[in-house]
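So this block is data-v3.cif, mmCIF, C-alpha atoms:
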```cif
data_coords
loop_
_atom_site.label_atom_id
_atom_site.label_comp_id
_atom_site.auth_asym_id
_atom_site.auth_seq_id
_atom_site.Cartn_x
_atom_site.Cartn_y
_atom_site.Cartn_z
CA MET A 1 15.29 -8.08 4.65
CA SER A 2 18.31 -5.84 5.16
CA ALA A 3 19.09 -2.79 3.06
CA GLU A 4 22.14 -4.59 1.66
CA ALA A 5 19.93 -7.24 0.08
CA ARG A 6 17.87 -4.63 -1.74
CA ASP A 7 18.74 -3.26 -5.14
CA LEU A 8 17.86 0.34 -4.38
CA VAL A 9 18.17 2.73 -1.44
CA ALA A 10 14.72 3.80 -0.29
CA THR A 11 13.84 7.45 -0.65
CA PRO A 12 14.08 9.04 2.79
CA SER A 13 10.94 10.44 4.33
CA GLU A 14 10.90 14.21 4.86
CA THR A 15 8.51 16.30 6.90
CA VAL A 16 5.18 17.32 5.40
CA GLY A 17 5.92 20.82 6.77
CA PRO A 18 3.29 23.41 7.68
CA PHE A 19 2.20 24.32 4.12
CA PHE A 20 0.62 21.06 2.88
CA HIS A 21 -3.06 22.05 2.99
CA PHE A 22 -3.41 23.35 -0.56
CA GLY A 23 -1.66 20.22 -1.84
CA LEU A 24 -3.14 17.44 0.28
CA ALA A 25 -6.23 18.66 2.11
CA THR A 26 -8.54 20.07 -0.54
CA ASN A 27 -10.95 17.12 -0.94
CA PRO A 28 -13.81 17.33 1.61
CA ASP A 29 -14.97 13.80 0.65
CA LEU A 30 -12.00 12.44 2.57
CA ALA A 31 -13.66 13.31 5.88
CA VAL A 32 -16.18 10.59 5.07
CA VAL A 33 -14.79 7.06 5.25
CA ALA A 34 -18.26 5.51 4.98
CA GLU A 35 -21.28 7.22 3.42
CA PRO A 36 -24.60 6.98 5.32
CA SER A 37 -25.77 4.19 2.96
CA VAL A 38 -23.07 1.81 4.21
CA ALA A 39 -24.21 -0.95 6.60
CA GLY A 40 -22.84 -0.87 10.12
CA THR A 41 -22.70 1.29 13.24
CA HIS A 42 -22.06 4.84 12.09
CA ILE A 43 -19.74 6.83 14.30
CA ALA A 44 -17.76 10.04 14.35
CA LEU A 45 -14.08 9.40 15.04
CA ARG A 46 -12.38 12.44 16.48
CA PHE A 47 -8.61 12.81 16.84
CA ARG A 48 -6.95 15.23 19.24
CA VAL A 49 -3.25 15.75 18.52
CA THR A 50 -1.04 17.26 21.22
CA ASP A 51 2.71 17.80 21.56
CA GLY A 52 5.17 17.31 24.43
CA ASP A 53 3.81 20.42 26.16
CA ALA A 54 0.25 19.04 25.86
CA ALA A 55 -0.43 21.91 23.43
CA PRO A 56 -2.69 21.26 20.42
CA VAL A 57 -0.89 20.51 17.16
CA PRO A 58 -2.76 22.69 14.64
CA ASP A 59 -0.82 21.62 11.55
CA ALA A 60 -0.98 17.83 11.53
CA LEU A 61 -2.43 15.63 8.80
CA VAL A 62 -4.27 12.48 9.87
CA GLU A 63 -4.87 9.58 7.48
CA ILE A 64 -6.90 6.52 8.42
CA TRP A 65 -7.38 3.11 6.80
CA GLN A 66 -9.94 0.57 7.93
CA VAL A 67 -12.22 -2.32 6.95
CA ASP A 68 -16.00 -1.99 6.90
CA GLY A 69 -18.40 -3.14 9.60
CA ALA A 70 -18.24 -6.73 8.35
CA GLY A 71 -14.44 -6.75 8.32
CA ALA A 72 -14.16 -6.40 4.52
CA PRO A 73 -11.71 -4.01 2.82
CA ALA A 74 -12.86 -1.26 0.47
CA GLN A 75 -13.17 -2.16 -3.17
CA ARG A 76 -11.19 -0.04 -5.59
CA PRO A 77 -13.59 1.44 -8.14
CA ALA A 78 -13.08 0.52 -11.77
CA LEU A 79 -12.85 4.21 -12.61
CA PRO A 80 -11.56 6.94 -10.27
CA SER A 81 -14.63 9.04 -11.13
CA GLN A 82 -17.09 6.41 -9.83
CA PRO A 83 -18.67 7.28 -6.50
CA VAL A 84 -17.65 5.06 -3.63
CA ALA A 85 -19.89 4.46 -0.59
CA PHE A 86 -17.22 2.82 1.55
CA ARG A 87 -13.83 4.40 0.92
CA GLY A 88 -11.97 2.67 3.72
CA PHE A 89 -9.68 5.71 3.74
CA GLY A 90 -9.87 9.19 5.20
CA ARG A 91 -7.58 12.19 5.35
CA LEU A 92 -8.00 15.41 7.32
CA PRO A 93 -5.84 18.25 8.60
CA THR A 94 -6.17 19.22 12.26
CA GLY A 95 -7.64 22.61 13.14
CA ASP A 96 -6.41 25.21 15.61
CA ASP A 97 -7.62 22.97 18.44
CA GLY A 98 -5.46 20.09 17.19
CA CYS A 99 -8.60 18.12 16.28
CA CYS A 100 -10.16 16.58 13.22
CA GLU A 101 -13.21 14.35 12.91
CA PHE A 102 -14.08 11.61 10.42
CA ARG A 103 -17.45 10.03 9.70
CA THR A 104 -17.16 6.27 9.43
CA VAL A 105 -18.51 2.95 10.68
CA LEU A 106 -17.13 0.84 13.50
CA PRO A 107 -14.75 -1.56 11.76
CA GLY A 108 -15.43 -5.27 12.07
CA PRO A 109 -12.92 -7.74 13.48
CA THR A 110 -10.44 -9.22 11.02
CA THR A 111 -8.31 -12.34 10.75
CA ASP A 112 -4.62 -12.10 9.84
CA ASP A 113 -2.93 -14.43 7.36
CA GLN A 114 -2.04 -16.84 10.17
CA GLY A 115 -5.65 -17.11 11.24
CA ARG A 116 -5.36 -14.93 14.35
CA ARG A 117 -8.33 -12.79 15.17
CA GLN A 118 -7.62 -9.05 15.45
CA ALA A 119 -9.89 -6.73 17.41
CA ALA A 120 -11.70 -3.97 15.57
CA HIS A 121 -9.20 -1.23 14.81
CA VAL A 122 -8.43 1.73 12.56
CA ASN A 123 -4.93 2.23 11.14
CA VAL A 124 -3.51 5.74 11.44
CA CYS A 125 -0.71 7.58 9.64
CA LEU A 126 0.14 10.90 11.27
CA PHE A 127 2.12 13.60 9.48
CA ALA A 128 3.15 16.99 10.84
CA ARG A 129 5.74 19.72 10.81
CA GLY A 130 8.43 18.41 13.12
CA LEU A 131 7.83 14.79 12.15
CA LEU A 132 10.65 13.84 9.81
CA ARG A 133 8.93 10.47 9.36
CA HIS A 134 5.22 9.91 9.73
CA LEU A 135 3.95 7.90 12.67
CA HIS A 136 1.82 4.75 12.59
CA THR A 137 -0.64 3.86 15.27
CA ARG A 138 -3.93 1.99 15.72
CA VAL A 139 -7.25 3.03 17.19
CA TYR A 140 -9.01 0.34 19.24
CA PHE A 141 -12.34 0.83 20.97
CA LEU A 142 -12.90 0.93 24.73
CA ASN A 143 -15.03 -1.90 26.11
CA ASP A 144 -14.50 -4.11 23.05
CA PRO A 145 -13.99 -7.54 24.64
CA ALA A 146 -11.84 -8.63 21.67
CA VAL A 147 -9.00 -6.26 22.60
CA ALA A 148 -7.90 -8.72 25.29
CA GLY A 149 -6.90 -11.26 22.63
CA ASP A 150 -5.54 -8.89 20.01
CA PRO A 151 -2.06 -9.98 18.85
CA VAL A 152 -0.82 -6.45 18.07
CA LEU A 153 -1.94 -5.07 21.44
CA ALA A 154 -0.16 -8.04 22.99
CA LEU A 155 3.13 -6.55 21.69
CA VAL A 156 2.48 -3.39 23.75
CA PRO A 157 3.46 -3.18 27.43
CA ALA A 158 0.23 -3.52 29.41
CA ALA A 159 0.64 -0.12 31.06
CA ARG A 160 0.62 1.62 27.66
CA ARG A 161 -2.24 -0.25 25.96
CA GLY A 162 -4.80 2.26 27.19
CA THR A 163 -3.27 4.92 24.94
CA LEU A 164 -4.62 2.98 21.96
CA LEU A 165 -8.24 3.01 23.07
CA ALA A 166 -10.74 5.50 21.69
CA ARG A 167 -13.36 6.54 24.25
CA PRO A 168 -16.96 7.55 23.65
CA ASP A 169 -17.78 11.22 24.11
CA ALA A 170 -19.89 11.47 27.29
CA ALA A 171 -22.19 14.03 25.66
CA GLU A 172 -22.57 12.26 22.32
CA PRO A 173 -22.04 8.51 22.56
CA HIS A 174 -21.82 8.03 18.76
CA ARG A 175 -18.64 10.11 18.83
CA TRP A 176 -15.39 8.35 19.72
CA ILE A 177 -12.36 10.38 20.76
CA PHE A 178 -8.78 9.27 20.28
CA ASP A 179 -5.91 11.24 21.78
CA LEU A 180 -2.70 11.33 19.79
CA ARG A 181 -0.14 12.45 22.36
CA LEU A 182 3.12 12.79 20.51
CA GLN A 183 5.35 12.97 23.56
CA GLY A 184 5.37 12.93 27.35
CA GLN A 185 2.82 11.69 29.85
CA ASP A 186 0.54 8.98 28.40
CA GLU A 187 2.41 9.23 25.11
CA THR A 188 0.52 7.31 22.43
CA VAL A 189 2.07 4.03 21.35
CA PHE A 190 3.49 4.29 17.83
CA PHE A 191 4.37 1.31 15.70
CA ASP A 192 7.20 0.45 13.37
CA LEU A 193 5.59 -1.48 10.51
CA MET B 1 10.77 -3.87 20.52
CA SER B 2 13.32 -1.72 18.75
CA VAL B 3 13.98 1.97 18.24
CA VAL B 4 14.49 1.63 14.53
CA ARG B 5 14.81 -1.30 12.16
CA PRO B 6 18.41 -1.92 11.04
CA ASP B 7 17.50 -1.25 7.43
CA LEU B 8 16.07 2.14 8.35
CA ALA B 9 19.18 3.23 10.22
CA GLY B 10 20.85 5.95 8.20
CA SER B 11 18.63 5.89 5.15
CA GLN B 12 15.69 7.39 7.04
CA PRO B 13 15.90 10.44 9.30
CA PRO B 14 15.57 9.99 13.06
CA LEU B 15 12.39 11.24 14.70
CA LEU B 16 14.37 13.46 17.07
CA TYR B 17 16.87 15.73 15.34
CA PRO B 18 17.35 18.80 17.55
CA PRO B 19 18.90 21.02 14.83
CA TYR B 20 15.39 20.85 13.30
CA ARG B 21 13.74 22.56 16.23
CA SER B 22 10.17 21.40 15.67
CA THR B 23 11.21 17.79 16.34
CA ILE B 24 12.06 18.58 19.97
CA ARG B 25 8.49 18.70 21.33
CA ARG B 26 6.90 16.52 18.67
CA ALA B 27 9.13 13.44 18.37
CA PRO B 28 7.88 10.54 20.49
CA SER B 29 10.24 9.77 23.37
CA GLN B 30 9.26 6.10 23.70
CA PRO B 31 10.66 3.54 21.27
CA LEU B 32 8.44 2.51 18.39
CA ILE B 33 6.97 -0.97 18.75
CA ARG B 34 7.84 -3.27 15.90
CA VAL B 35 4.87 -5.06 14.33
CA PRO B 36 5.74 -8.19 12.36
CA GLU B 37 4.62 -8.01 8.76
CA SER B 38 2.26 -10.95 9.31
CA LEU B 39 0.26 -8.87 11.80
CA SER B 40 0.07 -5.69 9.71
CA ASP B 41 -3.01 -4.96 7.63
CA LEU B 42 -0.96 -4.87 4.48
CA SER B 43 -3.71 -6.25 2.30
CA LEU B 44 -5.89 -3.19 2.85
CA PRO B 45 -6.07 -1.61 -0.59
CA VAL B 46 -4.82 1.86 -1.22
CA TYR B 47 -7.56 4.37 -1.76
CA GLY B 48 -7.88 4.77 -5.51
CA ALA B 49 -10.71 7.19 -6.08
CA PHE B 50 -8.81 10.44 -6.49
CA PRO B 51 -10.25 11.99 -9.63
CA ILE B 52 -7.50 13.50 -11.75
CA ALA B 53 -8.24 16.47 -13.99
CA GLU B 54 -6.46 17.05 -17.25
CA THR B 55 -4.30 19.94 -15.98
CA ASP B 56 -3.56 18.40 -12.59
CA ASN B 57 -0.02 17.49 -13.64
CA ASP B 58 0.63 20.78 -15.45
CA LEU B 59 0.93 23.59 -12.93
CA THR B 60 1.59 26.09 -15.72
CA ARG B 61 -1.94 25.63 -17.13
CA GLN B 62 -4.15 25.82 -14.06
CA TYR B 63 -4.85 29.57 -14.30
CA PRO B 64 -5.79 31.87 -17.17
CA GLY B 65 -2.24 33.17 -17.63
CA GLU B 66 1.24 31.68 -17.43
CA PRO B 67 3.08 31.69 -14.12
CA GLN B 68 6.34 33.60 -13.71
CA GLY B 69 9.59 31.70 -13.46
CA GLN B 70 11.70 29.03 -15.13
CA ARG B 71 9.41 26.42 -16.68
CA ILE B 72 10.54 22.86 -15.85
CA VAL B 73 9.46 19.25 -16.28
CA VAL B 74 9.94 16.91 -13.32
CA GLY B 75 9.60 13.24 -14.10
CA GLY B 76 10.75 9.83 -13.07
CA ARG B 77 9.55 6.45 -11.87
CA VAL B 78 8.09 5.15 -8.65
CA LEU B 79 9.81 1.87 -7.76
CA ASP B 80 10.20 -0.35 -4.74
CA GLU B 81 13.55 -1.31 -3.23
CA ASP B 82 13.74 -4.36 -5.49
CA GLY B 83 13.35 -2.14 -8.55
CA ARG B 84 9.77 -3.15 -9.33
CA PRO B 85 7.69 -0.32 -10.80
CA LEU B 86 4.56 0.81 -8.99
CA ARG B 87 1.85 1.40 -11.53
CA ASP B 88 -1.46 3.22 -10.98
CA THR B 89 -0.18 4.86 -7.84
CA LEU B 90 -1.15 8.38 -6.86
CA VAL B 91 1.64 10.98 -6.82
CA GLU B 92 0.78 14.34 -5.29
CA MET B 93 3.08 17.37 -5.10
CA TRP B 94 3.09 20.94 -3.82
CA GLN B 95 5.62 23.74 -3.86
CA THR B 96 6.30 27.48 -3.64
CA ASN B 97 6.12 29.73 -6.65
CA ALA B 98 9.27 30.97 -8.38
CA ALA B 99 9.72 33.67 -5.72
CA GLY B 100 9.70 31.21 -2.83
CA ARG B 101 6.15 31.88 -1.59
CA TYR B 102 3.51 29.25 -0.89
CA ARG B 103 -0.11 29.97 -1.69
CA HIS B 104 -0.95 29.32 1.95
CA ALA B 105 -2.48 31.49 4.66
CA VAL B 106 0.33 30.93 7.17
CA ASP B 107 3.17 31.74 4.75
CA ASP B 108 4.11 35.34 5.61
CA HIS B 109 7.36 35.48 3.64
CA PRO B 110 7.26 38.91 1.96
CA ALA B 111 7.73 37.58 -1.56
CA PRO B 112 5.04 38.11 -4.20
CA LEU B 113 2.24 35.66 -4.83
CA ASP B 114 1.74 34.78 -8.48
CA PRO B 115 -1.89 35.12 -9.61
CA ASN B 116 -1.24 32.43 -12.21
CA PHE B 117 0.34 29.83 -9.96
CA GLY B 118 -1.33 27.57 -7.40
CA GLY B 119 1.53 25.22 -6.69
CA ALA B 120 -0.21 21.86 -6.30
CA GLY B 121 -0.43 18.91 -8.67
CA ARG B 122 -1.34 15.24 -8.82
CA THR B 123 -1.02 12.38 -11.25
CA ILE B 124 -1.18 8.58 -11.48
CA THR B 125 1.83 6.49 -12.53
CA ASP B 126 1.62 4.56 -15.80
CA ALA B 127 2.24 0.84 -16.34
CA GLU B 128 6.03 1.35 -15.96
CA GLY B 129 5.64 3.44 -12.81
CA ARG B 130 6.38 6.69 -14.66
CA TYR B 131 5.01 10.11 -13.78
CA HIS B 132 5.72 13.66 -14.85
CA PHE B 133 4.74 17.20 -13.91
CA THR B 134 5.19 20.48 -15.72
CA THR B 135 5.74 23.36 -13.30
CA VAL B 136 8.07 26.27 -12.56
CA ARG B 137 11.23 25.99 -10.54
CA PRO B 138 10.38 26.78 -6.89
CA GLY B 139 12.33 29.38 -4.92
CA ALA B 140 14.27 29.15 -1.68
CA TYR B 141 12.63 30.82 1.31
CA PRO B 142 13.52 31.86 4.85
CA TRP B 143 12.15 30.14 7.95
CA ARG B 144 12.61 30.72 11.65
CA ASN B 145 14.30 27.51 12.70
CA HIS B 146 17.56 29.30 13.51
CA ASP B 147 19.25 32.60 12.75
CA ASN B 148 19.20 33.40 9.02
CA ALA B 149 17.72 30.00 8.16
CA TRP B 150 16.72 29.31 4.54
CA ARG B 151 15.14 26.21 3.03
CA PRO B 152 16.75 25.10 -0.23
CA ALA B 153 14.33 25.12 -3.17
CA HIS B 154 12.25 21.94 -3.01
CA ILE B 155 9.07 20.25 -4.15
CA HIS B 156 7.04 18.18 -1.68
CA PHE B 157 5.97 14.74 -2.94
CA SER B 158 3.38 12.35 -1.54
CA ILE B 159 3.15 8.72 -2.73
CA PHE B 160 0.78 5.96 -1.68
CA GLY B 161 2.35 2.85 -3.17
CA TRP B 162 0.79 -0.56 -2.49
CA CYS B 163 -0.42 -0.20 1.07
CA PHE B 164 -0.03 2.14 4.00
CA ARG B 165 3.36 0.60 4.73
CA THR B 166 4.70 2.04 1.47
CA ARG B 167 3.16 5.45 2.19
CA LEU B 168 5.77 8.15 1.74
CA ILE B 169 5.89 11.91 1.98
CA THR B 170 9.20 13.45 1.03
CA GLN B 171 10.88 16.48 -0.58
CA MET B 172 12.77 16.78 -3.84
CA TYR B 173 15.74 19.14 -4.16
CA PHE B 174 17.81 20.50 -7.03
CA GLN B 175 21.45 19.58 -7.65
CA ASP B 176 24.28 21.70 -6.22
CA ASP B 177 22.15 23.96 -4.04
CA PRO B 178 24.55 25.83 -1.70
CA LEU B 179 21.88 25.76 1.02
CA PHE B 180 22.09 21.97 1.47
CA ALA B 181 24.84 22.19 4.08
CA TYR B 182 22.79 24.56 6.24
CA ASP B 183 19.43 22.78 6.02
CA PRO B 184 18.61 20.57 9.02
CA VAL B 185 15.64 18.97 7.25
CA LEU B 186 17.92 17.54 4.57
CA GLN B 187 20.86 16.97 6.93
CA ALA B 188 18.65 14.90 9.26
CA VAL B 189 19.17 12.14 6.70
CA ARG B 190 22.62 11.04 7.80
CA ASP B 191 23.44 8.64 4.99
CA GLU B 192 24.97 10.40 1.96
CA ARG B 193 23.55 7.89 -0.54
CA ALA B 194 20.09 8.31 0.90
CA ARG B 195 20.44 12.12 0.83
CA GLN B 196 21.39 11.92 -2.83
CA ARG B 197 18.12 10.05 -3.42
CA LEU B 198 16.34 13.32 -2.57
CA VAL B 199 18.24 15.35 -5.17
CA SER B 200 16.80 15.49 -8.69
CA ARG B 201 19.19 15.45 -11.67
CA PHE B 202 19.11 17.59 -14.77
CA ASP B 203 18.10 15.28 -17.62
CA LEU B 204 18.38 16.26 -21.26
CA THR B 205 16.00 13.48 -22.32
CA LEU B 206 13.24 15.00 -20.15
CA THR B 207 14.04 18.46 -21.44
CA THR B 208 11.47 19.71 -23.95
CA PRO B 209 13.19 21.59 -26.81
CA GLU B 210 12.42 25.31 -26.89
CA TRP B 211 10.11 24.88 -23.88
CA ALA B 212 11.24 23.46 -20.52
CA LEU B 213 14.27 22.07 -18.70
CA GLY B 214 13.89 18.48 -17.46
CA TYR B 215 14.74 17.05 -14.04
CA ARG B 216 14.64 13.37 -13.15
CA PHE B 217 13.44 12.29 -9.73
CA ASP B 218 12.94 8.56 -9.15
CA ILE B 219 11.10 7.66 -5.96
CA VAL B 220 11.85 4.40 -4.16
CA VAL B 221 9.29 3.13 -1.65
CA ARG B 222 9.86 0.30 0.76
CA GLY B 223 9.66 -3.22 -0.58
CA SER B 224 7.90 -6.03 1.16
CA ALA B 225 9.47 -9.33 2.15
CA ALA B 226 6.13 -11.02 1.73
CA THR B 227 5.24 -9.21 -1.52
CA PRO B 228 1.50 -9.66 -1.00
CA PHE B 229 0.80 -7.64 -4.13
CA GLU B 230 3.00 -9.55 -6.55
CA GLU B 231 0.10 -10.10 -8.94
CA ARG B 232 -0.34 -6.37 -9.36
CA VAL B 233 3.22 -5.73 -10.50
#
```
Would you mind giving the structure from this file in structure tokens?
Amino acid sequence: MSAEARDLVATPSETVGPFFHFGLATNPDLAVVAEPSVAGTHIALRFRVTDGDAAPVPDALVEIWQVDGAGAPAQRPALPSQPVAFRGFGRLPTGDDGCCEFRTVLPGPTTDDQGRRQAAHVNVCLFARGLLRHLHTRVYFLNDPAVAGDPVLALVPAARRGTLLARPDAAEPHRWIFDLRLQGQDETVFFDL
Amino acid sequence: MSVVRPDLAGSQPPLLYPPYRSTIRRAPSQPLIRVPESLSDLSLPVYGAFPIAETDNDLTRQYPGEPQGQRIVVGGRVLDEDGRPLRDTLVEMWQTNAAGRYRHAVDDHPAPLDPNFGGAGRTITDAEGRYHFTTVRPGAYPWRNHDNAWRPAHIHFSIFGWCFRTRLITQMYFQDDPLFAYDPVLQAVRDERARQRLVSRFDLTLTTPEWALGYRFDIVVRGSAATPFEERV
């Protein structure tokens, strides 16, 4: 729908700036998307954010949304104070090395409203100083045979699809690493939703 | 594939805006890839388990004493582009103190910290999408984007909305600030009507007699053609 057809002008996005931590990054629970009691393959999902000079971005904020290991979304608790085992959501600031790491489960495959199967993926919103609008991307998992038939990956030029694959850490196979390269060589694919 | 959707042109800032220097090495150089709404995970629920404490929306009561500065109320509604209120949605905010200093390790502006002011708040909208905060008016502060650069006084806002497509982080300004014309963060929004959306308005009905001036700031998140969450409105 075009802006003309809408009643109201949307509020423009503005940068999160470098001073967001005391406002947005004070809840340590948000590093844990799935508590250990949740069924599924538990993994660490590590993001590395770099800029156009391949330098670490130490003041980014990463948010992730995902389904559980069976492909089901998180349930909203009846009361905000109730503990939640599967949050389906995580939020972390990057450190000086441009990294942050969530604890979660491998998401299950999902089916969109037209019945198409989507490969296991994690949705990402990335905020940072210097980003006037946040960026959307998706984390897929290397060696998942379902990525070949994924309808969103099919929108991406084949040469760039590899930027959307998390890779297992050679030293610790339960840890998956996803590079968020904002600009330049092997720039991560970002989506307009 | 498109660089920007037609309805975003103008109302939203571009990713690359060289007068705001930090965009130069951080803005992606490749075009964004448009994902049709039918392929987006828009039915994933918004995380709702943020516990809210009683003083979370009153930044003047979070410490033993009262903060310095002009006490204000900031309130308004969270709506979508079709004017539908967003109820039960998390609104987070953060700001400098009255002197223009953030309570943050990397803020080295030589203005005083206020022992009675943290500068962060959160609340949940009511059934009509309304929210309000009590705080003090933030100060302008210098930054190193260009020679003699100053940010106009502002409050950062973060809103979840219905799904991650309505996710919004923005900044609220105060009417008639002479710094607007010199601020590349605000000027990156090229459309005047959209820029005005970022400017709060003095509002006598929000003003608490003998206590605090009121400012209205309505927040409009993106609507959805498919409106998958109609039943929640």
Counting only C-alpha atoms, chain A residues within 6 Å of chain B, as a PyMOL selection string:
chain A and resi 2-3+6-8+10-14+23+51-52+73+76+80-81+130+132+182-183+190-193
Next, dump the selected residues to file, keeping only C-alpha atoms, as a PDB file, in the coordinates of the input.
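And here is the file that came out, again10.pdb:
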```pdb
ATOM      1  CA  SER A   2      18.310  -5.840   5.160  1.00  0.00           C
ATOM      2  CA  ALA A   3      19.090  -2.790   3.060  1.00  0.00           C
ATOM      3  CA  ARG A   6      17.870  -4.630  -1.740  1.00  0.00           C
ATOM      4  CA  ASP A   7      18.740  -3.260  -5.140  1.00  0.00           C
ATOM      5  CA  LEU A   8      17.860   0.340  -4.380  1.00  0.00           C
ATOM      6  CA  ALA A  10      14.720   3.800  -0.290  1.00  0.00           C
ATOM      7  CA  THR A  11      13.840   7.450  -0.650  1.00  0.00           C
ATOM      8  CA  PRO A  12      14.080   9.040   2.790  1.00  0.00           C
ATOM      9  CA  SER A  13      10.940  10.440   4.330  1.00  0.00           C
ATOM     10  CA  GLU A  14      10.900  14.210   4.860  1.00  0.00           C
ATOM     11  CA  GLY A  23      -1.660  20.220  -1.840  1.00  0.00           C
ATOM     12  CA  ASP A  51       2.710  17.800  21.560  1.00  0.00           C
ATOM     13  CA  GLY A  52       5.170  17.310  24.430  1.00  0.00           C
ATOM     14  CA  PRO A  73     -11.710  -4.010   2.820  1.00  0.00           C
ATOM     15  CA  ARG A  76     -11.190  -0.040  -5.590  1.00  0.00           C
ATOM     16  CA  PRO A  80     -11.560   6.940 -10.270  1.00  0.00           C
ATOM     17  CA  SER A  81     -14.630   9.040 -11.130  1.00  0.00           C
ATOM     18  CA  GLY A 130       8.430  18.410  13.120  1.00  0.00           C
ATOM     19  CA  LEU A 132      10.650  13.840   9.810  1.00  0.00           C
ATOM     20  CA  LEU A 182       3.120  12.790  20.510  1.00  0.00           C
ATOM     21  CA  GLN A 183       5.350  12.970  23.560  1.00  0.00           C
ATOM     22  CA  PHE A 190       3.490   4.290  17.830  1.00  0.00           C
ATOM     23  CA  PHE A 191       4.370   1.310  15.700  1.00  0.00           C
ATOM     24  CA  ASP A 192       7.200   0.450  13.370  1.00  0.00           C
ATOM     25  CA  LEU A 193       5.590  -1.480  10.510  1.00  0.00           C
TER      26      LEU A 193
END
```
Long-range neighbours of Thr60 of chain B as an NGL selection string, 12 Å cut-off, all atoms listed in the file, 2 positions minimum in chain:
:B and (55-58 or 62-73 or 97-98 or 114-121 or 133-137 or 211-212)
Could you expand the PyMOL selection byres ((chain A and resi 143) around 10) into the explicit residues it covers here, written as a list of chain:residue names?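 Taken on the displayed file, the PyMOL selection byres ((chain A and resi 143) around 10) yields the residues A:Tyr140, A:Phe141, A:Leu142, A:Asp144, A:Pro145, A:Ala146, A:Val147, A:Ala148, A:Leu165, A:Ala166, A:Arg167, A:Pro168.
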Counting only C-alpha atoms, which of A:Leu106, A:Ala78, A:Ala128, A:Ala85 gets nearest to Pro58 of chain A?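 That would be A:Ala128, the residue with the smallest distance to Pro58 of chain A.
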Notebook entry, point to check: Can you list, as a ChimeraX atom specification, the residues that the PyMOL selection byres ((chain B and resi 145) around 10) selects here?
Noted result: /B:19-22,142-144,146-151,183-184
Checklist entry - So how many Å separate atom CA of Asp179 of chain A and atom CA of Arg48 of chain A, to one decimal? => result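 Interatomic distance, atom CA of Asp179 of chain A to atom CA of Arg48 of chain A: 4.8 Å.
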Spatial neighbours of Thr94 of chain A, max dist 7 Å, all atoms listed in the file, sep filter under 3 positions, as a compact mmCIF listing (two decimals) with C-alpha atoms, in the frame of the given file:
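Writing done, so here's around13.txt:
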```
# COMPACT_ATOMS: atom_id res chain seq x y z
CA PRO A 58 -2.76 22.69 14.64
CA ASP A 59 -0.82 21.62 11.55
CA ALA A 60 -0.98 17.83 11.53
CA LEU A 61 -2.43 15.63 8.80
CA GLY A 98 -5.46 20.09 17.19
CA CYS A 99 -8.60 18.12 16.28
CA CYS A 100 -10.16 16.58 13.22
```
Across A:Val16, A:Ala171, A:Val67, A:Leu24, the smallest distance to Gly40 of chain A, with all atoms listed in the file counted, is shown by A:Val67
Report the residues retrieved by the PyMOL selection byres ((chain A and resi 30-39) around 9) from the displayed file, expressed as a PDB file with C-alpha atoms, keeping the file's coordinate frame.
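expr05.pdb, written as the output of this step:
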```pdb
ATOM      1  CA  ALA A  25      -6.230  18.660   2.110  1.00  0.00           C
ATOM      2  CA  THR A  26      -8.540  20.070  -0.540  1.00  0.00           C
ATOM      3  CA  ASN A  27     -10.950  17.120  -0.940  1.00  0.00           C
ATOM      4  CA  PRO A  28     -13.810  17.330   1.610  1.00  0.00           C
ATOM      5  CA  ASP A  29     -14.970  13.800   0.650  1.00  0.00           C
ATOM      6  CA  GLY A  40     -22.840  -0.870  10.120  1.00  0.00           C
ATOM      7  CA  THR A  41     -22.700   1.290  13.240  1.00  0.00           C
ATOM      8  CA  HIS A  42     -22.060   4.840  12.090  1.00  0.00           C
ATOM      9  CA  ILE A  64      -6.900   6.520   8.420  1.00  0.00           C
ATOM     10  CA  TRP A  65      -7.380   3.110   6.800  1.00  0.00           C
ATOM     11  CA  GLN A  66      -9.940   0.570   7.930  1.00  0.00           C
ATOM     12  CA  ASP A  68     -16.000  -1.990   6.900  1.00  0.00           C
ATOM     13  CA  GLY A  69     -18.400  -3.140   9.600  1.00  0.00           C
ATOM     14  CA  ALA A  70     -18.240  -6.730   8.350  1.00  0.00           C
ATOM     15  CA  VAL A  84     -17.650   5.060  -3.630  1.00  0.00           C
ATOM     16  CA  ALA A  85     -19.890   4.460  -0.590  1.00  0.00           C
ATOM     17  CA  PHE A  86     -17.220   2.820   1.550  1.00  0.00           C
ATOM     18  CA  ARG A  87     -13.830   4.400   0.920  1.00  0.00           C
ATOM     19  CA  GLY A  88     -11.970   2.670   3.720  1.00  0.00           C
ATOM     20  CA  PHE A  89      -9.680   5.710   3.740  1.00  0.00           C
ATOM     21  CA  GLY A  90      -9.870   9.190   5.200  1.00  0.00           C
ATOM     22  CA  ARG A  91      -7.580  12.190   5.350  1.00  0.00           C
ATOM     23  CA  LEU A  92      -8.000  15.410   7.320  1.00  0.00           C
ATOM     24  CA  CYS A 100     -10.160  16.580  13.220  1.00  0.00           C
ATOM     25  CA  GLU A 101     -13.210  14.350  12.910  1.00  0.00           C
ATOM     26  CA  PHE A 102     -14.080  11.610  10.420  1.00  0.00           C
ATOM     27  CA  ARG A 103     -17.450  10.030   9.700  1.00  0.00           C
ATOM     28  CA  THR A 104     -17.160   6.270   9.430  1.00  0.00           C
ATOM     29  CA  VAL A 105     -18.510   2.950  10.680  1.00  0.00           C
TER      30      VAL A 105
END
```
Would you list the contacts of Thr125 of chain B as a VMD selection string, taking every protein, DNA or RNA residue within 6 Å and counting only C-alpha atoms, but skipping same-chain residues closer than 6 positions in sequence? chain B and resid 87 to 89 131
